[in-house]
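Below is entry.pdb, holding PDB, C-alpha atoms, pLDDT in the B column.
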```
ATOM      1  CA  MET J   1       0.000   0.000   0.000  1.00 39.00           C
ATOM      2  CA  ASN J   2       2.251   2.768  -1.229  1.00 37.00           C
ATOM      3  CA  LYS J   3      -0.281   5.454  -0.367  1.00 46.00           C
ATOM      4  CA  LEU J   4       0.261   4.799   3.337  1.00 46.00           C
ATOM      5  CA  GLN J   5       4.007   5.288   3.505  1.00 61.00           C
ATOM      6  CA  THR J   6       3.474   8.918   4.468  1.00 79.00           C
ATOM      7  CA  PRO J   7       1.140  10.002   7.263  1.00 91.00           C
ATOM      8  CA  ILE J   8      -2.457  10.899   6.428  1.00 93.00           C
ATOM      9  CA  VAL J   9      -3.197  14.514   7.352  1.00 95.00           C
ATOM     10  CA  SER J  10      -6.383  16.445   8.025  1.00 95.00           C
ATOM     11  CA  HIS J  11      -7.841  19.565   6.450  1.00 96.00           C
ATOM     12  CA  THR J  12      -8.482  22.496   8.803  1.00 95.00           C
ATOM     13  CA  SER J  13     -12.247  22.096   8.283  1.00 95.00           C
ATOM     14  CA  ASP J  14     -12.059  18.590   9.857  1.00 96.00           C
ATOM     15  CA  TRP J  15     -11.686  20.343  13.213  1.00 96.00           C
ATOM     16  CA  THR J  16     -14.848  22.480  12.957  1.00 95.00           C
ATOM     17  CA  PRO J  17     -17.963  21.567  14.964  1.00 95.00           C
ATOM     18  CA  LEU J  18     -20.339  21.411  11.977  1.00 96.00           C
ATOM     19  CA  VAL J  19     -18.102  19.043   9.972  1.00 96.00           C
ATOM     20  CA  GLN J  20     -17.548  16.830  13.036  1.00 96.00           C
ATOM     21  CA  GLN J  21     -21.283  16.773  13.832  1.00 96.00           C
ATOM     22  CA  ARG J  22     -22.064  15.621  10.283  1.00 97.00           C
ATOM     23  CA  ALA J  23     -19.301  13.020  10.465  1.00 97.00           C
ATOM     24  CA  PHE J  24     -20.555  11.777  13.845  1.00 97.00           C
ATOM     25  CA  ARG J  25     -24.034  11.274  12.390  1.00 97.00           C
ATOM     26  CA  ARG J  26     -22.596   9.275   9.464  1.00 97.00           C
ATOM     27  CA  ILE J  27     -20.403   7.168  11.765  1.00 97.00           C
ATOM     28  CA  LEU J  28     -23.428   6.521  13.998  1.00 96.00           C
ATOM     29  CA  ASP J  29     -25.363   5.409  10.888  1.00 96.00           C
ATOM     30  CA  ALA J  30     -22.482   3.093   9.978  1.00 96.00           C
ATOM     31  CA  PHE J  31     -22.659   1.425  13.413  1.00 95.00           C
ATOM     32  CA  SER J  32     -26.480   1.289  13.326  1.00 95.00           C
ATOM     33  CA  TYR J  33     -26.426  -0.391   9.915  1.00 95.00           C
ATOM     34  CA  PRO J  34     -23.323  -2.608   9.837  1.00 96.00           C
ATOM     35  CA  GLY J  35     -22.020  -3.177   6.339  1.00 94.00           C
ATOM     36  CA  ARG J  36     -23.528   0.057   5.011  1.00 95.00           C
ATOM     37  CA  ILE J  37     -21.010   2.234   3.215  1.00 97.00           C
ATOM     38  CA  CYS J  38     -21.326   5.751   4.621  1.00 97.00           C
ATOM     39  CA  GLU J  39     -19.552   8.670   2.957  1.00 97.00           C
ATOM     40  CA  LEU J  40     -17.812  11.264   5.133  1.00 97.00           C
ATOM     41  CA  GLU J  41     -17.507  14.819   3.852  1.00 95.00           C
ATOM     42  CA  THR J  42     -13.984  16.156   4.130  1.00 95.00           C
ATOM     43  CA  GLN J  43     -11.705  18.369   2.080  1.00 96.00           C
ATOM     44  CA  ALA J  44      -8.741  16.226   3.171  1.00 96.00           C
ATOM     45  CA  ALA J  45      -7.377  13.475   0.931  1.00 95.00           C
ATOM     46  CA  HIS J  46      -8.631  10.788   3.357  1.00 97.00           C
ATOM     47  CA  VAL J  47     -11.371  10.410   6.007  1.00 97.00           C
ATOM     48  CA  LEU J  48      -9.075   8.929   8.703  1.00 97.00           C
ATOM     49  CA  PRO J  49      -8.227  12.238  10.444  1.00 97.00           C
ATOM     50  CA  LEU J  50     -11.882  13.359  10.414  1.00 97.00           C
ATOM     51  CA  MET J  51     -13.052  10.066  11.887  1.00 97.00           C
ATOM     52  CA  LEU J  52     -10.466  10.276  14.661  1.00 97.00           C
ATOM     53  CA  ALA J  53     -11.198  13.973  15.265  1.00 96.00           C
ATOM     54  CA  THR J  54     -14.853  13.031  15.690  1.00 95.00           C
ATOM     55  CA  LEU J  55     -14.393  10.039  18.021  1.00 94.00           C
ATOM     56  CA  ALA J  56     -11.086  10.421  19.875  1.00 94.00           C
ATOM     57  CA  ASP J  57     -10.326  12.997  22.556  1.00 93.00           C
ATOM     58  CA  PRO J  58      -7.985  13.444  25.542  1.00 95.00           C
ATOM     59  CA  ALA J  59      -9.997  10.837  27.504  1.00 95.00           C
ATOM     60  CA  THR J  60      -9.255   8.104  24.937  1.00 96.00           C
ATOM     61  CA  THR J  61      -6.171   6.077  24.084  1.00 97.00           C
ATOM     62  CA  LEU J  62      -4.821   5.604  20.574  1.00 97.00           C
ATOM     63  CA  ALA J  63      -2.275   3.234  19.073  1.00 97.00           C
ATOM     64  CA  ASP J  64      -0.851   4.084  15.666  1.00 96.00           C
ATOM     65  CA  PRO J  65       2.027   1.598  15.318  1.00 95.00           C
ATOM     66  CA  CYS J  66       2.516   2.300  11.597  1.00 94.00           C
ATOM     67  CA  GLY J  67       2.451   6.091  11.887  1.00 94.00           C
ATOM     68  CA  LEU J  68      -0.613   6.633   9.697  1.00 96.00           C
ATOM     69  CA  VAL J  69      -1.770   9.754  11.565  1.00 96.00           C
ATOM     70  CA  GLY J  70       0.203  12.946  10.966  1.00 94.00           C
ATOM     71  CA  ALA J  71       2.094  14.362  13.975  1.00 94.00           C
ATOM     72  CA  ALA J  72       0.131  17.641  14.004  1.00 95.00           C
ATOM     73  CA  ASP J  73      -3.161  15.714  13.974  1.00 96.00           C
ATOM     74  CA  ARG J  74      -1.981  13.450  16.813  1.00 94.00           C
ATOM     75  CA  GLN J  75      -1.255  16.554  18.857  1.00 94.00           C
ATOM     76  CA  ARG J  76      -4.631  18.137  18.056  1.00 95.00           C
ATOM     77  CA  LEU J  77      -6.469  14.935  18.971  1.00 95.00           C
ATOM     78  CA  GLY J  78      -4.952  14.933  22.430  1.00 94.00           C
ATOM     79  CA  ALA J  79      -5.617  11.196  22.741  1.00 96.00           C
ATOM     80  CA  LYS J  80      -3.116   9.444  24.957  1.00 96.00           C
ATOM     81  CA  SER J  81      -0.670   7.158  23.178  1.00 96.00           C
ATOM     82  CA  ALA J  82      -0.915   3.521  24.179  1.00 96.00           C
ATOM     83  CA  SER J  83       0.385   0.213  22.931  1.00 95.00           C
ATOM     84  CA  ALA J  84      -1.830  -1.654  20.461  1.00 94.00           C
ATOM     85  CA  ASP J  85      -2.701  -4.292  23.073  1.00 94.00           C
ATOM     86  CA  LEU J  86      -4.105  -1.659  25.465  1.00 95.00           C
ATOM     87  CA  ALA J  87      -5.493   1.183  23.318  1.00 96.00           C
ATOM     88  CA  GLN J  88      -9.171   1.942  22.797  1.00 96.00           C
ATOM     89  CA  PHE J  89      -8.509   2.876  19.150  1.00 97.00           C
ATOM     90  CA  VAL J  90      -5.915   1.033  17.059  1.00 97.00           C
ATOM     91  CA  VAL J  91      -5.170   2.436  13.600  1.00 97.00           C
ATOM     92  CA  MET J  92      -3.624  -0.005  11.113  1.00 96.00           C
ATOM     93  CA  PRO J  93      -3.204  -0.296   7.368  1.00 96.00           C
ATOM     94  CA  GLY J  94      -5.365  -3.200   6.245  1.00 95.00           C
ATOM     95  CA  SER J  95      -2.446  -4.618   4.297  1.00 95.00           C
ATOM     96  CA  GLN J  96      -0.425  -5.182   7.482  1.00 94.00           C
ATOM     97  CA  LEU J  97      -1.321  -7.598  10.273  1.00 91.00           C
ATOM     98  CA  PRO J  98      -0.892  -6.539  13.905  1.00 87.00           C
ATOM     99  CA  ALA J  99       2.072  -7.702  15.954  1.00 87.00           C
ATOM    100  CA  VAL J 100      -0.091  -7.998  19.099  1.00 87.00           C
ATOM    101  CA  GLU J 101      -3.644  -8.861  20.064  1.00 91.00           C
ATOM    102  CA  PRO J 102      -5.865  -5.820  20.746  1.00 95.00           C
ATOM    103  CA  ALA J 103      -7.770  -5.367  24.015  1.00 94.00           C
ATOM    104  CA  SER J 104     -10.975  -7.403  24.075  1.00 94.00           C
ATOM    105  CA  GLY J 105     -12.474  -6.012  27.280  1.00 90.00           C
ATOM    106  CA  THR J 106     -13.440  -7.903  30.421  1.00 90.00           C
ATOM    107  CA  LEU J 107     -16.638  -9.616  31.517  1.00 91.00           C
ATOM    108  CA  ASP J 108     -17.266  -6.688  33.884  1.00 92.00           C
ATOM    109  CA  SER J 109     -16.489  -4.168  31.131  1.00 91.00           C
ATOM    110  CA  PRO J 110     -16.864  -5.697  27.644  1.00 90.00           C
ATOM    111  CA  GLU J 111     -17.213  -2.226  26.125  1.00 89.00           C
ATOM    112  CA  SER J 112     -13.527  -1.651  26.847  1.00 91.00           C
ATOM    113  CA  GLY J 113     -12.635  -3.853  23.875  1.00 94.00           C
ATOM    114  CA  ALA J 114     -10.664  -2.003  21.205  1.00 96.00           C
ATOM    115  CA  THR J 115     -11.995  -0.443  18.043  1.00 97.00           C
ATOM    116  CA  LEU J 116      -9.701  -1.377  15.165  1.00 97.00           C
ATOM    117  CA  VAL J 117      -9.571   1.227  12.427  1.00 97.00           C
ATOM    118  CA  LEU J 118      -8.390  -0.506   9.251  1.00 97.00           C
ATOM    119  CA  VAL J 119      -7.407   1.640   6.299  1.00 97.00           C
ATOM    120  CA  ALA J 120      -8.401  -0.123   3.062  1.00 97.00           C
ATOM    121  CA  ASP J 121      -7.749   0.828  -0.553  1.00 96.00           C
ATOM    122  CA  GLU J 122     -11.393   0.619  -1.603  1.00 96.00           C
ATOM    123  CA  ILE J 123     -14.734  -0.527  -0.185  1.00 97.00           C
ATOM    124  CA  LYS J 124     -17.720  -1.236  -2.413  1.00 96.00           C
ATOM    125  CA  GLN J 125     -20.908  -3.294  -2.439  1.00 94.00           C
ATOM    126  CA  GLY J 126     -20.869  -6.915  -3.591  1.00 89.00           C
ATOM    127  CA  GLY J 127     -18.410  -9.802  -3.612  1.00 84.00           C
ATOM    128  CA  GLY J 128     -15.839 -11.026  -1.112  1.00 90.00           C
ATOM    129  CA  LEU J 129     -17.324 -10.649   2.367  1.00 95.00           C
ATOM    130  CA  VAL J 130     -20.834 -11.698   3.379  1.00 95.00           C
ATOM    131  CA  LEU J 131     -22.036  -9.994   6.575  1.00 96.00           C
ATOM    132  CA  SER J 132     -24.956 -11.039   8.766  1.00 95.00           C
ATOM    133  CA  GLY J 133     -26.204 -10.269  12.242  1.00 93.00           C
ATOM    134  CA  PRO J 134     -27.935  -7.494  14.225  1.00 93.00           C
ATOM    135  CA  GLY J 135     -28.689  -4.417  12.105  1.00 91.00           C
ATOM    136  CA  ILE J 136     -28.508  -6.346   8.820  1.00 93.00           C
ATOM    137  CA  GLN J 137     -31.645  -7.610   7.140  1.00 92.00           C
ATOM    138  CA  GLY J 138     -30.639 -10.984   5.688  1.00 92.00           C
ATOM    139  CA  SER J 139     -27.067 -10.398   4.565  1.00 93.00           C
ATOM    140  CA  VAL J 140     -24.881  -7.742   2.954  1.00 94.00           C
ATOM    141  CA  SER J 141     -21.911  -8.317   0.646  1.00 95.00           C
ATOM    142  CA  LEU J 142     -18.855  -6.097   0.573  1.00 96.00           C
ATOM    143  CA  GLN J 143     -15.796  -6.032  -1.611  1.00 95.00           C
ATOM    144  CA  VAL J 144     -12.831  -4.703   0.352  1.00 96.00           C
ATOM    145  CA  SER J 145      -9.485  -4.281  -1.381  1.00 95.00           C
ATOM    146  CA  GLY J 146      -6.248  -3.544   0.426  1.00 95.00           C
ATOM    147  CA  VAL J 147      -7.080  -5.624   3.518  1.00 95.00           C
ATOM    148  CA  ASP J 148      -5.197  -8.856   4.166  1.00 95.00           C
ATOM    149  CA  PRO J 149      -7.721 -11.753   4.377  1.00 94.00           C
ATOM    150  CA  GLN J 150      -6.029 -12.872   7.620  1.00 95.00           C
ATOM    151  CA  TRP J 151      -7.734  -9.914   9.362  1.00 96.00           C
ATOM    152  CA  TRP J 152     -11.094 -11.696   9.057  1.00 95.00           C
ATOM    153  CA  LYS J 153      -9.702 -14.854  10.690  1.00 95.00           C
ATOM    154  CA  LEU J 154      -8.129 -12.817  13.497  1.00 95.00           C
ATOM    155  CA  ARG J 155     -11.365 -10.873  14.028  1.00 95.00           C
ATOM    156  CA  LYS J 156     -13.316 -14.147  14.313  1.00 95.00           C
ATOM    157  CA  GLN J 157     -10.791 -15.458  16.848  1.00 95.00           C
ATOM    158  CA  TRP J 158     -10.816 -12.222  18.899  1.00 95.00           C
ATOM    159  CA  ASN J 159     -14.635 -12.171  18.962  1.00 94.00           C
ATOM    160  CA  SER J 160     -15.120 -15.849  19.837  1.00 93.00           C
ATOM    161  CA  GLY J 161     -15.702 -15.076  23.534  1.00 91.00           C
ATOM    162  CA  PHE J 162     -18.685 -12.735  23.095  1.00 88.00           C
ATOM    163  CA  PRO J 163     -19.467 -10.269  24.710  1.00 91.00           C
ATOM    164  CA  LEU J 164     -15.697  -9.796  24.728  1.00 94.00           C
ATOM    165  CA  GLY J 165     -14.095  -8.763  21.466  1.00 95.00           C
ATOM    166  CA  VAL J 166     -13.155  -5.963  19.129  1.00 96.00           C
ATOM    167  CA  ASP J 167     -15.128  -3.761  16.779  1.00 96.00           C
ATOM    168  CA  VAL J 168     -13.710  -2.990  13.336  1.00 97.00           C
ATOM    169  CA  VAL J 169     -14.122   0.183  11.322  1.00 97.00           C
ATOM    170  CA  LEU J 170     -13.079   0.041   7.665  1.00 98.00           C
ATOM    171  CA  LEU J 171     -12.055   3.256   5.943  1.00 97.00           C
ATOM    172  CA  ASP J 172     -11.140   4.097   2.393  1.00 97.00           C
ATOM    173  CA  GLU J 173     -10.477   7.601   1.089  1.00 96.00           C
ATOM    174  CA  ARG J 174     -14.118   8.728   1.368  1.00 97.00           C
ATOM    175  CA  SER J 175     -16.081   6.013   3.196  1.00 97.00           C
ATOM    176  CA  VAL J 176     -16.576   4.342   6.546  1.00 98.00           C
ATOM    177  CA  VAL J 177     -18.078   0.899   7.253  1.00 98.00           C
ATOM    178  CA  ALA J 178     -18.622  -0.405  10.778  1.00 97.00           C
ATOM    179  CA  LEU J 179     -18.306  -4.076  11.691  1.00 97.00           C
ATOM    180  CA  PRO J 180     -19.305  -4.420  15.361  1.00 96.00           C
ATOM    181  CA  ARG J 181     -18.266  -7.607  17.154  1.00 95.00           C
ATOM    182  CA  THR J 182     -21.845  -8.928  16.880  1.00 94.00           C
ATOM    183  CA  ILE J 183     -21.577  -9.189  13.082  1.00 95.00           C
ATOM    184  CA  LYS J 184     -20.631 -12.487  11.480  1.00 95.00           C
ATOM    185  CA  ILE J 185     -18.339 -12.344   8.443  1.00 95.00           C
ATOM    186  CA  ALA J 186     -18.121 -15.139   5.902  1.00 93.00           C
ATOM    187  CA  VAL J 187     -15.457 -14.925   3.237  1.00 90.00           C
ATOM    188  CA  GLU J 188     -16.797 -16.137  -0.117  1.00 78.00           C
ATOM    189  CA  GLY J 189     -14.974 -19.291  -1.143  1.00 64.00           C
ATOM    190  CA  ASP J 190     -13.956 -20.256   2.442  1.00 63.00           C
ATOM    191  CA  GLN J 191     -15.457 -23.361   3.978  1.00 46.00           C
TER
END
```

How does the structure come out when it is put into structure tokens?
Amino acid sequence: MNKLQTPIVSHTSDWTPLVQQRAFRRILDAFSYPGRICELETQAAHVLPLMLATLADPATTLADPCGLVGAADRQRLGAKSASADLAQFVVMPGSQLPAVEPASGTLDSPESGATLVLVADEIKQGGGLVLSGPGIQGSVSLQVSGVDPQWWKLRKQWNSGFPLGVDVVLLDERSVVALPRTIKIAVEGDQ
């Protein structure tokens, strides 16, 4: 993924209340309707900084082991840096697998499981992944390029002890798709 060798940076408008309110509504829609591709409006080259500006704050922890978030944006976010096995938000390129297992929460606090933010090349309807579960009527198919297929096996393993687990957010340059831990993912062609 050559595009991700340099950090992804925000546009100044990503830090305005109106833009963040609109983004929050779209991200909320993405979580309410897993598998739905929701467009985020930003003047930046990528939606990653806007999504983080909308969800992360000084009370949250963020792991960015591959340096995808620009230094100035990290500072503006104010989120505390943490290792990928402890952070609430873990940002990774979809083409690279993690070196550690993300936090999956505890039985007393399952909501403390991490949210993995995977940066993909492109997300579109149809082919590849078949999603089912709460918030999806029947099933939804997604084609996600730029994400190593091993991520889906790891996600299944991490979410095998429900309610413990991790939520996944897929991003491409303009879109967000939420895959909460309650969603089942079947990879077409796998048995």

Going by the chain IDs and residue numbers used in this file, which residues fall under the PyMOL selection byres ((chain J and resi 171) around 10)? Write them as a PDB file with C-alpha atoms, in the frame of the given file.
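selection.pdb written:
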```
ATOM      1  CA  ILE J  37     -21.010   2.234   3.215  1.00 97.00           C
ATOM      2  CA  CYS J  38     -21.326   5.751   4.621  1.00 97.00           C
ATOM      3  CA  GLU J  39     -19.552   8.670   2.957  1.00 97.00           C
ATOM      4  CA  LEU J  40     -17.812  11.264   5.133  1.00 97.00           C
ATOM      5  CA  HIS J  46      -8.631  10.788   3.357  1.00 97.00           C
ATOM      6  CA  VAL J  47     -11.371  10.410   6.007  1.00 97.00           C
ATOM      7  CA  LEU J  48      -9.075   8.929   8.703  1.00 97.00           C
ATOM      8  CA  MET J  51     -13.052  10.066  11.887  1.00 97.00           C
ATOM      9  CA  PRO J  93      -3.204  -0.296   7.368  1.00 96.00           C
ATOM     10  CA  GLY J  94      -5.365  -3.200   6.245  1.00 95.00           C
ATOM     11  CA  VAL J 117      -9.571   1.227  12.427  1.00 97.00           C
ATOM     12  CA  LEU J 118      -8.390  -0.506   9.251  1.00 97.00           C
ATOM     13  CA  VAL J 119      -7.407   1.640   6.299  1.00 97.00           C
ATOM     14  CA  ALA J 120      -8.401  -0.123   3.062  1.00 97.00           C
ATOM     15  CA  ASP J 121      -7.749   0.828  -0.553  1.00 96.00           C
ATOM     16  CA  GLU J 122     -11.393   0.619  -1.603  1.00 96.00           C
ATOM     17  CA  ILE J 123     -14.734  -0.527  -0.185  1.00 97.00           C
ATOM     18  CA  VAL J 144     -12.831  -4.703   0.352  1.00 96.00           C
ATOM     19  CA  VAL J 168     -13.710  -2.990  13.336  1.00 97.00           C
ATOM     20  CA  VAL J 169     -14.122   0.183  11.322  1.00 97.00           C
ATOM     21  CA  LEU J 170     -13.079   0.041   7.665  1.00 98.00           C
ATOM     22  CA  ASP J 172     -11.140   4.097   2.393  1.00 97.00           C
ATOM     23  CA  GLU J 173     -10.477   7.601   1.089  1.00 96.00           C
ATOM     24  CA  ARG J 174     -14.118   8.728   1.368  1.00 97.00           C
ATOM     25  CA  SER J 175     -16.081   6.013   3.196  1.00 97.00           C
ATOM     26  CA  VAL J 176     -16.576   4.342   6.546  1.00 98.00           C
ATOM     27  CA  VAL J 177     -18.078   0.899   7.253  1.00 98.00           C
ATOM     28  CA  ALA J 178     -18.622  -0.405  10.778  1.00 97.00           C
TER      29      ALA J 178
END
```

Picked residues, the PyMOL selection byres ((chain J and resi 44) around 10), expected as a PyMOL selection string:
chain J and resi 8-14+41-43+45-50+173-174

File of the preceding selection, C-alpha atoms, as a compact mmCIF listing (two decimals), in the coordinates of the input:
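Done, and the output landed in result26.txt:
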```txt
# COMPACT_ATOMS: atom_id res chain seq x y z
CA ILE J 8 -2.46 10.90 6.43
CA VAL J 9 -3.20 14.51 7.35
CA SER J 10 -6.38 16.44 8.02
CA HIS J 11 -7.84 19.57 6.45
CA THR J 12 -8.48 22.50 8.80
CA SER J 13 -12.25 22.10 8.28
CA ASP J 14 -12.06 18.59 9.86
CA GLU J 41 -17.51 14.82 3.85
CA THR J 42 -13.98 16.16 4.13
CA GLN J 43 -11.70 18.37 2.08
CA ALA J 45 -7.38 13.48 0.93
CA HIS J 46 -8.63 10.79 3.36
CA VAL J 47 -11.37 10.41 6.01
CA LEU J 48 -9.07 8.93 8.70
CA PRO J 49 -8.23 12.24 10.44
CA LEU J 50 -11.88 13.36 10.41
CA GLU J 173 -10.48 7.60 1.09
CA ARG J 174 -14.12 8.73 1.37
```

Give me, please, the distance in Å between CA of Gln150 in chain J and CA of Gln88 in chain J, quoted to one decimal.
21.4 Å

Selection near Val90 in chain J, 10 Å with all atoms listed in the file, sequence-local residues under 4 positions removed, as a list in words
Thr61, Leu62, Ala63, Asp64, Pro65, Ala82, Ser83, Ala84, Asp85, Leu86, Pro98, Pro102, Ala103, Ala114, Thr115, Leu116, Val117, Leu118 and Val168 of chain J

Which residues, named as in the file, does the PyMOL selection byres ((chain J and resi 182) around 8) pick out? Answer as number ranges by chain.
J: 133-134, 162, 179-181, 183-184
